[in-house]
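Asks: File follows, my_file-v9.csv with CSV, C-alpha atoms:
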```csv
chain,number,residue,atom,x,y,z
U,711,GLY,CA,-53.3,6.6,-35.5
U,712,ALA,CA,-50.4,8.6,-36.8
U,713,VAL,CA,-47.9,5.8,-36.9
U,714,VAL,CA,-44.5,6.1,-38.6
U,715,SER,CA,-42.4,3.1,-39.4
U,716,GLN,CA,-38.8,2.8,-40.4
U,717,HIS,CA,-37.0,-0.1,-42.1
U,718,PRO,CA,-34.6,-1.5,-41.3
U,719,SER,CA,-34.4,-1.0,-37.6
U,720,TRP,CA,-30.8,-2.1,-37.5
U,721,VAL,CA,-28.3,-2.5,-40.3
U,722,ILE,CA,-24.6,-3.3,-40.4
U,723,CYS,CA,-22.6,-2.5,-43.6
U,724,LYS,CA,-19.1,-2.4,-44.8
U,725,SER,CA,-17.2,0.8,-45.5
U,726,GLY,CA,-17.8,2.1,-49.0
U,727,THR,CA,-21.2,0.5,-49.5
U,728,SER,CA,-24.5,2.3,-49.6
U,729,VAL,CA,-27.4,1.8,-47.3
U,730,LYS,CA,-31.0,2.8,-47.8
U,731,ILE,CA,-33.4,3.6,-44.9
U,732,GLU,CA,-37.1,3.8,-45.5
U,733,CYS,CA,-39.6,6.0,-43.6
U,734,ARG,CA,-43.3,5.4,-44.0
U,735,SER,CA,-46.4,7.1,-42.6
U,736,LEU,CA,-48.8,4.2,-42.2
U,737,ASP,CA,-52.1,5.8,-41.6
U,738,PHE,CA,-51.8,9.4,-42.8
U,739,GLN,CA,-50.4,11.4,-45.6
U,740,ALA,CA,-47.3,13.4,-44.9
U,741,THR,CA,-46.3,16.1,-47.3
U,742,THR,CA,-43.3,16.8,-45.2
U,743,MET,CA,-40.9,14.4,-43.5
U,744,PHE,CA,-37.7,15.1,-41.6
U,745,TRP,CA,-34.5,13.1,-41.1
U,746,TYR,CA,-32.6,13.4,-37.8
U,747,ARG,CA,-29.3,12.0,-36.7
U,748,GLN,CA,-28.6,11.1,-33.1
U,749,PHE,CA,-25.1,10.5,-31.8
U,750,PRO,CA,-24.7,8.4,-28.6
U,751,LYS,CA,-25.9,10.2,-25.5
U,752,GLN,CA,-26.7,13.3,-27.5
U,753,SER,CA,-29.8,15.1,-28.8
U,754,LEU,CA,-31.4,14.8,-32.2
U,755,MET,CA,-29.9,17.0,-34.9
U,756,LEU,CA,-32.0,17.8,-38.0
U,757,MET,CA,-30.3,16.7,-41.2
U,758,ALA,CA,-32.9,17.6,-43.8
U,759,THR,CA,-36.5,18.4,-44.5
U,760,SER,CA,-38.1,16.3,-47.2
U,761,ASN,CA,-41.1,17.5,-49.2
U,762,GLU,CA,-43.1,15.2,-51.4
U,763,GLY,CA,-42.3,15.8,-55.1
U,764,SER,CA,-39.5,18.2,-54.5
U,765,LYS,CA,-35.8,18.3,-53.5
U,766,ALA,CA,-34.9,18.0,-49.9
U,767,THR,CA,-33.6,21.0,-47.9
U,768,TYR,CA,-30.4,20.1,-46.1
U,769,GLU,CA,-29.2,21.7,-42.9
U,770,GLN,CA,-25.9,23.5,-42.9
U,771,GLY,CA,-23.0,21.1,-42.7
U,772,VAL,CA,-24.9,18.1,-44.1
U,773,GLU,CA,-23.5,16.7,-47.3
U,774,LYS,CA,-26.4,16.3,-49.7
U,775,ASP,CA,-24.4,14.1,-52.1
U,776,LYS,CA,-23.7,11.7,-49.2
U,777,PHE,CA,-27.1,11.6,-47.7
U,778,LEU,CA,-29.5,11.3,-50.5
U,779,ILE,CA,-33.2,11.9,-49.7
U,780,ASN,CA,-36.1,11.0,-51.9
U,781,HIS,CA,-39.7,11.7,-51.0
U,782,ALA,CA,-41.5,9.9,-53.8
U,783,SER,CA,-45.0,9.7,-52.4
U,784,LEU,CA,-47.1,11.1,-49.6
U,785,THR,CA,-46.3,8.1,-47.4
U,786,LEU,CA,-42.7,7.3,-48.1
U,787,SER,CA,-39.3,9.0,-47.8
U,788,THR,CA,-35.9,7.3,-48.1
U,789,LEU,CA,-32.5,8.2,-46.9
U,790,THR,CA,-29.6,6.7,-48.7
U,791,VAL,CA,-26.2,6.9,-47.0
U,792,THR,CA,-23.7,6.6,-49.9
U,793,SER,CA,-20.1,5.3,-49.6
U,794,ALA,CA,-20.6,4.8,-45.9
U,795,HIS,CA,-17.7,5.3,-43.5
U,796,PRO,CA,-17.5,4.3,-39.8
U,797,GLU,CA,-18.1,7.9,-38.8
U,798,ASP,CA,-21.5,7.6,-40.4
U,799,SER,CA,-22.5,5.1,-37.7
U,800,SER,CA,-25.3,6.6,-35.8
U,801,PHE,CA,-29.0,6.4,-34.9
U,802,TYR,CA,-31.2,7.8,-37.7
U,803,ILE,CA,-34.7,8.9,-36.9
U,804,CYS,CA,-37.4,10.1,-39.3
U,805,SER,CA,-40.5,12.0,-38.6
U,806,ALA,CA,-43.6,12.9,-40.5
U,807,LYS,CA,-45.9,15.9,-40.4
U,808,ILE,CA,-49.5,15.6,-41.0
U,809,SER,CA,-50.5,17.7,-44.0
U,810,THR,CA,-52.9,19.9,-42.1
U,811,GLY,CA,-53.2,20.8,-38.4
U,812,THR,CA,-50.6,21.4,-35.7
U,813,TYR,CA,-46.8,21.5,-35.9
U,814,GLU,CA,-46.7,18.0,-34.3
U,815,GLN,CA,-44.3,15.6,-35.9
U,816,TYR,CA,-44.7,11.8,-35.5
U,817,PHE,CA,-41.5,10.0,-35.1
U,818,GLY,CA,-40.4,6.7,-36.4
U,819,PRO,CA,-38.7,4.1,-34.1
U,820,GLY,CA,-35.2,4.8,-35.6
U,821,THR,CA,-32.6,2.9,-37.5
U,822,ARG,CA,-29.3,2.1,-36.0
U,823,LEU,CA,-26.5,2.1,-38.7
U,824,THR,CA,-23.2,0.5,-37.9
U,825,VAL,CA,-20.5,0.8,-40.6
U,826,THR,CA,-17.5,-1.5,-40.2
P,977,ALA,CA,-35.9,32.1,-34.2
P,978,GLN,CA,-36.5,29.5,-31.5
P,979,SER,CA,-34.6,27.6,-28.9
P,980,VAL,CA,-35.1,25.4,-26.0
P,981,THR,CA,-32.9,24.9,-22.9
P,982,GLN,CA,-33.2,21.9,-20.6
P,983,LEU,CA,-31.6,23.0,-17.4
P,984,ASP,CA,-30.5,19.6,-16.1
P,985,SER,CA,-28.6,17.0,-18.1
P,986,HIS,CA,-29.2,14.4,-15.4
P,987,VAL,CA,-31.9,14.1,-12.7
P,988,SER,CA,-31.9,11.4,-10.1
P,989,VAL,CA,-35.0,10.6,-7.9
P,990,SER,CA,-36.0,7.8,-5.6
P,991,GLU,CA,-38.9,5.6,-6.7
P,992,GLY,CA,-42.2,7.0,-5.4
P,993,THR,CA,-40.9,10.6,-5.1
P,994,PRO,CA,-41.9,13.5,-7.4
P,995,VAL,CA,-40.2,14.2,-10.7
P,996,LEU,CA,-39.4,17.7,-12.1
P,997,LEU,CA,-37.7,18.1,-15.4
P,998,ARG,CA,-37.1,21.7,-16.3
P,999,CYS,CA,-37.4,23.3,-19.8
P,1000,ASN,CA,-37.2,26.9,-20.9
P,1001,TYR,CA,-37.9,28.1,-24.4
P,1002,SER,CA,-37.4,31.1,-26.6
P,1003,SER,CA,-39.6,31.9,-29.5
P,1004,SER,CA,-40.5,35.0,-31.6
P,1005,TYR,CA,-44.0,33.6,-32.1
P,1006,SER,CA,-46.6,31.6,-30.1
P,1007,PRO,CA,-44.9,28.3,-29.6
P,1008,SER,CA,-46.1,24.7,-29.7
P,1009,LEU,CA,-44.2,22.7,-27.0
P,1010,PHE,CA,-43.7,19.0,-26.6
P,1011,TRP,CA,-42.1,16.5,-24.3
P,1012,TYR,CA,-40.8,13.2,-25.7
P,1013,VAL,CA,-39.3,10.2,-23.9
P,1014,GLN,CA,-36.7,7.9,-25.3
P,1015,HIS,CA,-35.8,4.6,-23.7
P,1016,PRO,CA,-32.3,3.1,-24.5
P,1017,ASN,CA,-31.9,2.2,-28.1
P,1018,LYS,CA,-35.6,3.1,-28.8
P,1019,GLY,CA,-37.3,5.8,-30.8
P,1020,LEU,CA,-39.2,8.8,-29.4
P,1021,GLN,CA,-42.5,8.6,-27.7
P,1022,LEU,CA,-44.7,11.7,-27.3
P,1023,LEU,CA,-45.6,12.3,-23.7
P,1024,LEU,CA,-47.6,15.4,-24.1
P,1025,LYS,CA,-48.0,18.6,-26.1
P,1026,TYR,CA,-49.1,22.2,-25.7
P,1027,THR,CA,-50.6,23.9,-28.7
P,1028,SER,CA,-52.3,27.1,-27.3
P,1029,ALA,CA,-55.2,25.4,-25.5
P,1030,ALA,CA,-55.2,24.7,-21.8
P,1031,THR,CA,-51.9,25.7,-20.1
P,1032,LEU,CA,-51.8,22.7,-17.9
P,1033,VAL,CA,-51.3,19.7,-20.1
P,1034,LYS,CA,-51.8,16.1,-19.0
P,1035,GLY,CA,-49.9,13.4,-20.8
P,1036,ILE,CA,-49.4,9.7,-20.7
P,1037,ASN,CA,-48.1,7.7,-17.8
P,1038,GLY,CA,-49.1,10.3,-15.2
P,1039,PHE,CA,-46.9,13.1,-16.6
P,1040,GLU,CA,-48.1,16.6,-16.9
P,1041,ALA,CA,-46.6,20.0,-17.8
P,1042,GLU,CA,-47.6,23.6,-17.4
P,1043,PHE,CA,-47.0,26.3,-20.0
P,1044,LYS,CA,-46.0,29.5,-18.3
P,1045,LYS,CA,-45.6,32.3,-20.8
P,1046,SER,CA,-44.4,34.8,-18.3
P,1047,GLU,CA,-41.6,32.5,-17.3
P,1048,THR,CA,-41.1,31.0,-20.8
P,1049,SER,CA,-41.1,27.6,-19.2
P,1050,PHE,CA,-42.7,24.2,-19.8
P,1051,HIS,CA,-41.5,22.0,-17.0
P,1052,LEU,CA,-42.5,18.3,-16.9
P,1053,THR,CA,-43.7,16.8,-13.6
P,1054,LYS,CA,-44.9,13.5,-12.2
P,1055,PRO,CA,-46.2,13.1,-8.7
P,1056,SER,CA,-44.5,9.7,-8.1
P,1057,ALA,CA,-41.6,8.2,-10.1
P,1058,HIS,CA,-41.7,4.6,-11.2
P,1059,MET,CA,-38.7,2.5,-12.2
P,1060,SER,CA,-40.0,2.3,-15.8
P,1061,ASP,CA,-39.7,6.1,-16.0
P,1062,ALA,CA,-35.9,5.9,-16.2
P,1063,ALA,CA,-35.1,7.2,-19.7
P,1064,GLU,CA,-34.0,10.3,-21.7
P,1065,TYR,CA,-36.5,13.1,-21.9
P,1066,PHE,CA,-36.5,15.8,-24.6
P,1067,CYS,CA,-38.3,19.1,-24.6
P,1068,VAL,CA,-39.1,20.4,-28.1
P,1069,VAL,CA,-40.4,23.7,-29.5
P,1070,SER,CA,-42.0,24.6,-32.8
P,1071,SER,CA,-43.3,28.0,-33.7
P,1072,GLY,CA,-44.3,30.6,-36.3
P,1073,GLY,CA,-45.4,28.4,-39.1
P,1074,TYR,CA,-41.9,27.2,-39.2
P,1075,GLN,CA,-42.0,23.5,-39.9
P,1076,LYS,CA,-38.8,22.7,-38.1
P,1077,VAL,CA,-38.7,21.7,-34.5
P,1078,THR,CA,-35.9,22.4,-32.1
P,1079,PHE,CA,-34.8,19.8,-29.6
P,1080,GLY,CA,-33.4,20.4,-26.2
P,1081,THR,CA,-30.2,18.6,-25.2
P,1082,GLY,CA,-32.1,16.1,-23.2
P,1083,THR,CA,-32.4,15.2,-19.5
P,1084,LYS,CA,-31.5,11.7,-18.4
P,1085,LEU,CA,-33.8,10.6,-15.5
P,1086,GLN,CA,-32.5,8.0,-13.1
P,1087,VAL,CA,-34.9,6.3,-10.7
P,1088,ILE,CA,-33.4,4.8,-7.6
P,1089,PRO,CA,-35.2,1.8,-6.0
```
For this file, produce the structure as C-alpha coordinates.

Replies:
Amino acid sequence: GAVVSQHPSWVICKSGTSVKIECRSLDFQATTMFWYRQFPKQSLMLMATSNEGSKATYEQGVEKDKFLINHASLTLSTLTVTSAHPEDSSFYICSAKISTGTYEQYFGPGTRLTVT
Amino acid sequence: AQSVTQLDSHVSVSEGTPVLLRCNYSSSYSPSLFWYVQHPNKGLQLLLKYTSAATLVKGINGFEAEFKKSETSFHLTKPSAHMSDAAEYFCVVSSGGYQKVTFGTGTKLQVIP
(Lines of atoms letter the chains of each structure in order from A and count residues from 1; the text may use other names and numbers.)
(Lines give C-alpha, C1' and ligand atoms only; values in the text may rest on other atoms or scores of the structure.)
Protein backbone atom coordinates (compact mmCIF):
# COMPACT_ATOMS: atom_id res chain seq x y z
CA GLY A 1 0.00 0.00 0.00
CA ALA A 2 0.83 3.73 0.13
CA VAL A 3 1.74 4.14 -3.51
CA VAL A 4 2.30 7.52 -5.11
CA SER A 5 2.44 7.97 -8.85
CA GLN A 6 3.63 10.84 -11.02
CA HIS A 7 2.79 11.65 -14.58
CA PRO A 8 4.58 12.13 -16.83
CA SER A 9 7.80 10.42 -15.84
CA TRP A 10 9.74 12.35 -18.46
CA VAL A 11 8.86 15.46 -20.44
CA ILE A 12 10.68 17.69 -22.89
CA CYS A 13 9.28 21.11 -23.68
CA LYS A 14 10.33 24.29 -25.44
CA SER A 15 11.23 27.51 -23.66
CA GLY A 16 8.23 29.65 -22.92
CA THR A 17 5.73 26.84 -22.73
CA SER A 18 4.04 25.48 -19.62
CA VAL A 19 4.20 21.95 -18.29
CA LYS A 20 1.88 20.25 -15.82
CA ILE A 21 3.04 17.40 -13.58
CA GLU A 22 0.53 15.27 -11.72
CA CYS A 23 1.03 13.57 -8.38
CA ARG A 24 -1.49 10.99 -7.24
CA SER A 25 -1.85 8.92 -4.10
CA LEU A 26 -3.24 5.66 -5.43
CA ASP A 27 -4.45 3.82 -2.37
CA PHE A 28 -4.73 6.39 0.40
CA GLN A 29 -5.96 9.88 1.05
CA ALA A 30 -3.38 12.59 1.41
CA THR A 31 -4.39 15.90 2.89
CA THR A 32 -0.83 17.10 2.43
CA MET A 33 1.51 16.68 -0.50
CA PHE A 34 4.98 18.06 -0.99
CA TRP A 35 6.90 19.05 -4.09
CA TYR A 36 10.66 18.73 -4.25
CA ARG A 37 13.26 19.62 -6.81
CA GLN A 38 16.49 17.75 -7.26
CA PHE A 39 19.40 19.13 -9.24
CA PRO A 40 21.91 16.67 -10.70
CA LYS A 41 23.98 14.95 -8.05
CA GLN A 42 22.37 16.99 -5.29
CA SER A 43 19.86 16.40 -2.53
CA LEU A 44 16.15 17.13 -2.62
CA MET A 45 15.05 20.68 -1.93
CA LEU A 46 11.52 21.29 -0.73
CA MET A 47 9.69 23.68 -3.03
CA ALA A 48 6.25 23.82 -1.48
CA THR A 49 3.73 22.15 0.78
CA SER A 50 0.34 21.53 -0.74
CA ASN A 51 -2.75 21.13 1.41
CA GLU A 52 -6.02 19.93 -0.06
CA GLY A 53 -8.48 22.75 -0.56
CA SER A 54 -6.12 25.57 0.34
CA LYS A 55 -3.25 27.54 -1.13
CA ALA A 56 0.17 25.98 -1.19
CA THR A 57 2.90 27.20 1.10
CA TYR A 58 6.09 27.96 -0.80
CA GLU A 59 9.61 27.81 0.53
CA GLN A 60 11.72 30.91 0.52
CA GLY A 61 13.13 31.64 -2.92
CA VAL A 62 10.55 29.62 -4.84
CA GLU A 63 8.48 31.72 -7.24
CA LYS A 64 4.83 30.91 -6.62
CA ASP A 65 3.75 32.50 -9.90
CA LYS A 66 6.15 30.31 -11.81
CA PHE A 67 5.47 27.05 -10.01
CA LEU A 68 1.71 26.81 -9.69
CA ILE A 69 0.47 24.15 -7.31
CA ASN A 70 -3.09 22.92 -7.10
CA HIS A 71 -4.33 20.30 -4.64
CA ALA A 72 -7.86 19.79 -5.86
CA SER A 73 -8.64 16.51 -4.16
CA LEU A 74 -7.36 14.18 -1.47
CA THR A 75 -5.55 12.11 -4.06
CA LEU A 76 -4.26 14.61 -6.60
CA SER A 77 -1.85 17.53 -6.59
CA THR A 78 -0.48 19.21 -9.70
CA LEU A 79 2.61 21.31 -10.29
CA THR A 80 2.58 23.56 -13.33
CA VAL A 81 5.86 25.08 -14.46
CA THR A 82 4.83 28.22 -16.32
CA SER A 83 6.90 29.89 -19.04
CA ALA A 84 9.57 27.26 -18.63
CA HIS A 85 13.22 28.11 -19.20
CA PRO A 86 16.24 25.81 -19.53
CA GLU A 87 17.23 26.54 -15.92
CA ASP A 88 13.95 24.92 -14.85
CA SER A 89 15.23 21.62 -16.18
CA SER A 90 15.39 19.32 -13.20
CA PHE A 91 14.03 16.22 -11.52
CA TYR A 92 10.77 16.99 -9.72
CA ILE A 93 9.56 14.62 -7.02
CA CYS A 94 6.32 14.72 -5.09
CA SER A 95 5.43 13.04 -1.84
CA ALA A 96 2.22 12.48 0.05
CA LYS A 97 1.54 12.26 3.74
CA ILE A 98 -1.13 9.97 5.05
CA SER A 99 -3.81 11.98 6.81
CA THR A 100 -3.22 10.30 10.15
CA GLY A 101 -0.29 8.52 11.74
CA THR A 102 3.42 9.07 11.51
CA TYR A 103 5.43 11.73 9.76
CA GLU A 104 6.31 9.34 6.98
CA GLN A 105 5.98 10.64 3.47
CA TYR A 106 5.54 8.40 0.47
CA PHE A 107 7.46 9.52 -2.57
CA GLY A 108 6.53 9.39 -6.20
CA PRO A 109 8.98 8.10 -8.82
CA GLY A 110 9.81 11.59 -10.05
CA THR A 111 9.43 13.54 -13.28
CA ARG A 112 12.41 14.59 -15.32
CA LEU A 113 11.78 17.91 -17.04
CA THR A 114 14.03 19.07 -19.84
CA VAL A 115 13.45 22.53 -21.28
CA THR A 116 15.07 23.18 -24.64
CA ALA B 1 14.48 23.37 14.16
CA GLN B 2 15.90 20.21 12.66
CA SER B 3 18.85 19.25 10.55
CA VAL B 4 20.67 16.19 9.36
CA THR B 5 24.30 15.70 8.45
CA GLN B 6 25.59 12.87 6.31
CA LEU B 7 29.24 12.71 7.12
CA ASP B 8 30.45 11.10 3.91
CA SER B 9 29.51 12.25 0.43
CA HIS B 10 31.05 9.14 -1.11
CA VAL B 11 31.69 5.65 0.29
CA SER B 12 33.42 2.89 -1.60
CA VAL B 13 33.37 -0.76 -0.46
CA SER B 14 34.25 -4.09 -1.98
CA GLU B 15 31.47 -6.54 -2.75
CA GLY B 16 30.84 -8.81 0.24
CA THR B 17 32.28 -6.39 2.82
CA PRO B 18 30.27 -4.40 5.38
CA VAL B 19 28.64 -1.08 4.61
CA LEU B 20 28.48 1.87 7.02
CA LEU B 21 26.79 5.11 6.02
CA ARG B 22 26.87 7.74 8.73
CA CYS B 23 24.11 10.16 9.69
CA ASN B 24 23.84 12.62 12.56
CA TYR B 25 20.73 14.63 13.29
CA SER B 26 19.68 17.64 15.28
CA SER B 27 16.15 18.17 16.54
CA SER B 28 14.36 20.12 19.24
CA TYR B 29 11.83 17.32 19.58
CA SER B 30 11.76 13.54 19.42
CA PRO B 31 12.58 12.82 15.82
CA SER B 32 11.39 10.36 13.25
CA LEU B 33 14.28 9.24 11.09
CA PHE B 34 14.36 7.59 7.70
CA TRP B 35 16.82 6.21 5.20
CA TYR B 36 15.94 6.33 1.51
CA VAL B 37 17.81 4.94 -1.47
CA GLN B 38 17.80 6.43 -4.95
CA HIS B 39 19.14 4.57 -7.95
CA PRO B 40 20.23 6.62 -10.98
CA ASN B 41 17.35 8.46 -12.61
CA LYS B 42 14.89 6.80 -10.27
CA GLY B 43 12.65 7.95 -7.43
CA LEU B 44 13.16 7.37 -3.75
CA GLN B 45 12.66 4.04 -2.04
CA LEU B 46 12.22 3.78 1.71
CA LEU B 47 14.80 1.47 3.27
CA LEU B 48 13.76 1.81 6.89
CA LYS B 49 12.34 4.17 9.46
CA TYR B 50 12.59 4.93 13.16
CA THR B 51 9.51 6.35 14.86
CA SER B 52 10.17 5.98 18.62
CA ALA B 53 9.77 2.21 18.82
CA ALA B 54 12.74 -0.18 18.86
CA THR B 55 16.04 1.63 18.49
CA LEU B 56 17.47 -1.02 16.18
CA VAL B 57 15.51 -0.89 12.99
CA LYS B 58 15.64 -3.50 10.28
CA GLY B 59 14.81 -2.55 6.75
CA ILE B 60 14.69 -4.05 3.31
CA ASN B 61 17.55 -5.69 1.43
CA GLY B 62 19.45 -6.53 4.62
CA PHE B 63 19.94 -2.96 5.79
CA GLU B 64 19.53 -1.87 9.37
CA ALA B 65 20.09 1.27 11.42
CA GLU B 66 20.41 2.03 15.09
CA PHE B 67 18.98 5.13 16.71
CA LYS B 68 21.40 6.44 19.36
CA LYS B 69 19.95 9.40 21.17
CA SER B 70 23.09 10.07 23.21
CA GLU B 71 25.11 10.34 20.02
CA THR B 72 22.31 11.89 17.92
CA SER B 73 23.14 9.35 15.27
CA PHE B 74 21.25 7.04 12.94
CA HIS B 75 23.90 5.20 10.97
CA LEU B 76 22.94 2.75 8.22
CA THR B 77 24.68 -0.62 8.03
CA LYS B 78 24.66 -3.80 6.02
CA PRO B 79 26.83 -6.84 6.77
CA SER B 80 27.70 -7.65 3.17
CA ALA B 81 27.52 -5.29 0.21
CA HIS B 82 26.02 -6.39 -3.07
CA MET B 83 26.62 -4.83 -6.45
CA SER B 84 22.96 -3.82 -6.60
CA ASP B 85 23.45 -1.67 -3.48
CA ALA B 86 25.36 0.92 -5.50
CA ALA B 87 23.16 4.03 -5.31
CA GLU B 88 22.63 7.33 -3.52
CA TYR B 89 21.43 7.13 0.08
CA PHE B 90 19.61 9.89 1.92
CA CYS B 91 19.11 10.26 5.66
CA VAL B 92 15.94 12.19 6.51
CA VAL B 93 14.59 13.69 9.72
CA SER B 94 11.13 14.87 10.71
CA SER B 95 10.07 16.06 14.14
CA GLY B 96 7.83 18.05 16.44
CA GLY B 97 4.56 17.83 14.57
CA TYR B 98 6.34 19.72 11.85
CA GLN B 99 5.16 18.30 8.59
CA LYS B 100 8.30 19.02 6.69
CA VAL B 101 11.15 16.61 6.39
CA THR B 102 14.76 17.62 6.06
CA PHE B 103 17.05 15.69 3.75
CA GLY B 104 20.71 15.08 4.23
CA THR B 105 23.02 15.85 1.35
CA GLY B 106 23.27 12.21 0.40
CA THR B 107 25.98 9.56 0.34
CA LYS B 108 26.91 7.87 -2.88
CA LEU B 109 27.76 4.21 -2.31
CA GLN B 110 30.09 2.56 -4.76
CA VAL B 111 30.48 -1.23 -4.67
CA ILE B 112 33.64 -2.60 -6.20
CA PRO B 113 33.54 -6.11 -7.64

Asks: Only residues of chain U matter here; which ones have an atom within 10 Å of chain P, counting only C-alpha atoms? Give them as a PyMOL selection string.

Replies: chain U and resi 719+742-744+750-756+758-759+801-805+807+812-822

Asks: Show me the residues around (-38.2, 30.8, -31.7) - criterion: an atom at most 7 Å away, all atoms listed in the file counted - as a ChimeraX atom specification.

Replies: /P:977-979,1002-1005,1071

Asks: Go through P:Tyr1001, P:Trp1011, P:Phe1043, P:Phe1050 one by one, measure the shortest atom-to-atom distance of each to Ser1028 in chain P using only C-alpha atoms, and give the residue with the smallest value.

Replies: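 Of P:Tyr1001, P:Trp1011, P:Phe1043, P:Phe1050, the one nearest Ser1028 in chain P is P:Phe1043, counting only C-alpha atoms.
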
Asks: Please provide as a PyMOL selection string all residues within 8 Å of range 788-796 of chain U, with the sequence filter that same-chain residues fewer than 3 positions apart are discarded (counting all atoms listed in the file).

Replies: chain U and resi 723-733+745+775-781+799+824-826

Asks: Between CA of Ala806 in chain U and CA of Ala766 in chain U, what is the distance, to one decimal in Å?

Replies: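 Between these atoms lies a distance of 13.8 Å.
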
Asks: So that I can check the surroundings of range 1035-1042 of chain P, please list as a ChimeraX atom specification every protein, DNA and RNA residue that reaches within 12 Å of it, counting only C-alpha atoms and ignoring chain neighbours fewer than 2 positions away.

Replies: /P:994-1000,1009-1013,1021-1033,1044-1058,1060-1061,1065,1067

Asks: CA of Lys774 in chain U and CA of Val721 in chain U are how many Å apart?

Replies: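 About the pair CA of Lys774 in chain U and CA of Val721 in chain U: they are 21.1 Å apart.
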
Asks: Which residue gives the smallest distance to Ser985 in chain P among P:Ala1063, P:Val1068, P:Pro1089, P:His1015, with only C-alpha atoms counted?

Replies: P:Ala1063

Asks: How many Å separate CA of Ser764 in chain U from CA of Val714 in chain U?

Replies: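 Distance between the two atoms: 20.6 Å.
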
Asks: I want to know what sits within 10 Å of Phe738 in chain U, based on all atoms listed in the file, with residues of the same chain fewer than 5 positions away left out; could you give that as a list of chain:residue names?

Replies: U:Gly711, U:Ala712, U:Val713, U:Val714, U:Leu784, U:Thr785, U:Ala806, U:Lys807, U:Ile808, U:Ser809

Asks: Output C-alpha atoms for every residue in the selection just made, as a PDB file, keeping the file's coordinate frame.

Replies:
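The resulting file, out_24.pdb, is shown below:
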```pdb
ATOM      1  CA  GLY U 711     -53.300   6.600 -35.500  1.00  0.00           C
ATOM      2  CA  ALA U 712     -50.400   8.600 -36.800  1.00  0.00           C
ATOM      3  CA  VAL U 713     -47.900   5.800 -36.900  1.00  0.00           C
ATOM      4  CA  VAL U 714     -44.500   6.100 -38.600  1.00  0.00           C
ATOM      5  CA  LEU U 784     -47.100  11.100 -49.600  1.00  0.00           C
ATOM      6  CA  THR U 785     -46.300   8.100 -47.400  1.00  0.00           C
ATOM      7  CA  ALA U 806     -43.600  12.900 -40.500  1.00  0.00           C
ATOM      8  CA  LYS U 807     -45.900  15.900 -40.400  1.00  0.00           C
ATOM      9  CA  ILE U 808     -49.500  15.600 -41.000  1.00  0.00           C
ATOM     10  CA  SER U 809     -50.500  17.700 -44.000  1.00  0.00           C
TER      11      SER U 809
END
```

Asks: Add whatever atoms are absent from range 991-1009 of chain P to reach N, CA, C and O atoms, and provide the output as a tab-separated table (two decimals), in the coordinates of the input.

Replies:
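Result went into out-v1.tsv, see below:
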```tsv
chain	number	residue	atom	x	y	z
P	991	GLU	N	-37.60	6.12	-6.23
P	991	GLU	CA	-38.90	5.60	-6.70
P	991	GLU	C	-39.98	6.08	-5.69
P	991	GLU	O	-39.78	6.06	-4.47
P	992	GLY	N	-41.10	6.55	-6.24
P	992	GLY	CA	-42.20	7.00	-5.40
P	992	GLY	C	-42.15	8.50	-5.06
P	992	GLY	O	-43.11	9.03	-4.50
P	993	THR	N	-41.07	9.16	-5.40
P	993	THR	CA	-40.90	10.60	-5.10
P	993	THR	C	-41.26	11.40	-6.40
P	993	THR	O	-41.24	10.84	-7.50
P	994	PRO	N	-41.53	12.71	-6.24
P	994	PRO	CA	-41.90	13.50	-7.40
P	994	PRO	C	-40.75	13.71	-8.40
P	994	PRO	O	-39.57	13.72	-8.02
P	995	VAL	N	-41.15	13.91	-9.66
P	995	VAL	CA	-40.20	14.20	-10.70
P	995	VAL	C	-40.42	15.60	-11.25
P	995	VAL	O	-41.57	16.01	-11.45
P	996	LEU	N	-39.33	16.33	-11.45
P	996	LEU	CA	-39.40	17.70	-12.10
P	996	LEU	C	-38.27	17.75	-13.10
P	996	LEU	O	-37.09	17.68	-12.74
P	997	LEU	N	-38.63	17.89	-14.36
P	997	LEU	CA	-37.70	18.10	-15.40
P	997	LEU	C	-37.91	19.48	-16.00
P	997	LEU	O	-39.00	19.76	-16.49
P	998	ARG	N	-36.88	20.31	-16.00
P	998	ARG	CA	-37.10	21.70	-16.30
P	998	ARG	C	-36.77	22.00	-17.81
P	998	ARG	O	-35.81	21.47	-18.37
P	999	CYS	N	-37.59	22.90	-18.37
P	999	CYS	CA	-37.40	23.30	-19.80
P	999	CYS	C	-37.80	24.77	-19.91
P	999	CYS	O	-38.89	25.18	-19.48
P	1000	ASN	N	-36.92	25.55	-20.50
P	1000	ASN	CA	-37.20	26.90	-20.90
P	1000	ASN	C	-37.10	27.09	-22.36
P	1000	ASN	O	-36.25	26.47	-22.99
P	1001	TYR	N	-37.93	27.92	-22.93
P	1001	TYR	CA	-37.90	28.10	-24.40
P	1001	TYR	C	-37.79	29.55	-24.75
P	1001	TYR	O	-37.99	30.45	-23.93
P	1002	SER	N	-37.44	29.75	-26.00
P	1002	SER	CA	-37.40	31.10	-26.60
P	1002	SER	C	-38.03	31.02	-27.95
P	1002	SER	O	-37.69	30.13	-28.73
P	1003	SER	N	-38.94	31.96	-28.22
P	1003	SER	CA	-39.60	31.90	-29.50
P	1003	SER	C	-40.13	33.32	-29.86
P	1003	SER	O	-40.62	34.04	-29.01
P	1004	SER	N	-40.03	33.67	-31.14
P	1004	SER	CA	-40.50	35.00	-31.60
P	1004	SER	C	-42.05	34.92	-31.82
P	1004	SER	O	-42.69	35.96	-31.98
P	1005	TYR	N	-42.60	33.72	-31.81
P	1005	TYR	CA	-44.00	33.60	-32.10
P	1005	TYR	C	-44.63	32.68	-30.96
P	1005	TYR	O	-43.93	32.16	-30.10
P	1006	SER	N	-45.94	32.51	-31.01
P	1006	SER	CA	-46.60	31.60	-30.10
P	1006	SER	C	-46.12	30.19	-30.34
P	1006	SER	O	-46.31	29.69	-31.44
P	1007	PRO	N	-45.52	29.56	-29.35
P	1007	PRO	CA	-44.90	28.30	-29.60
P	1007	PRO	C	-45.88	27.08	-29.38
P	1007	PRO	O	-46.86	27.18	-28.65
P	1008	SER	N	-45.55	25.98	-30.04
P	1008	SER	CA	-46.10	24.70	-29.70
P	1008	SER	C	-44.93	23.98	-28.93
P	1008	SER	O	-43.77	24.08	-29.35
P	1009	LEU	N	-45.24	23.31	-27.86
P	1009	LEU	CA	-44.20	22.70	-27.00
P	1009	LEU	C	-44.55	21.23	-26.80
P	1009	LEU	O	-45.72	20.87	-26.65
```
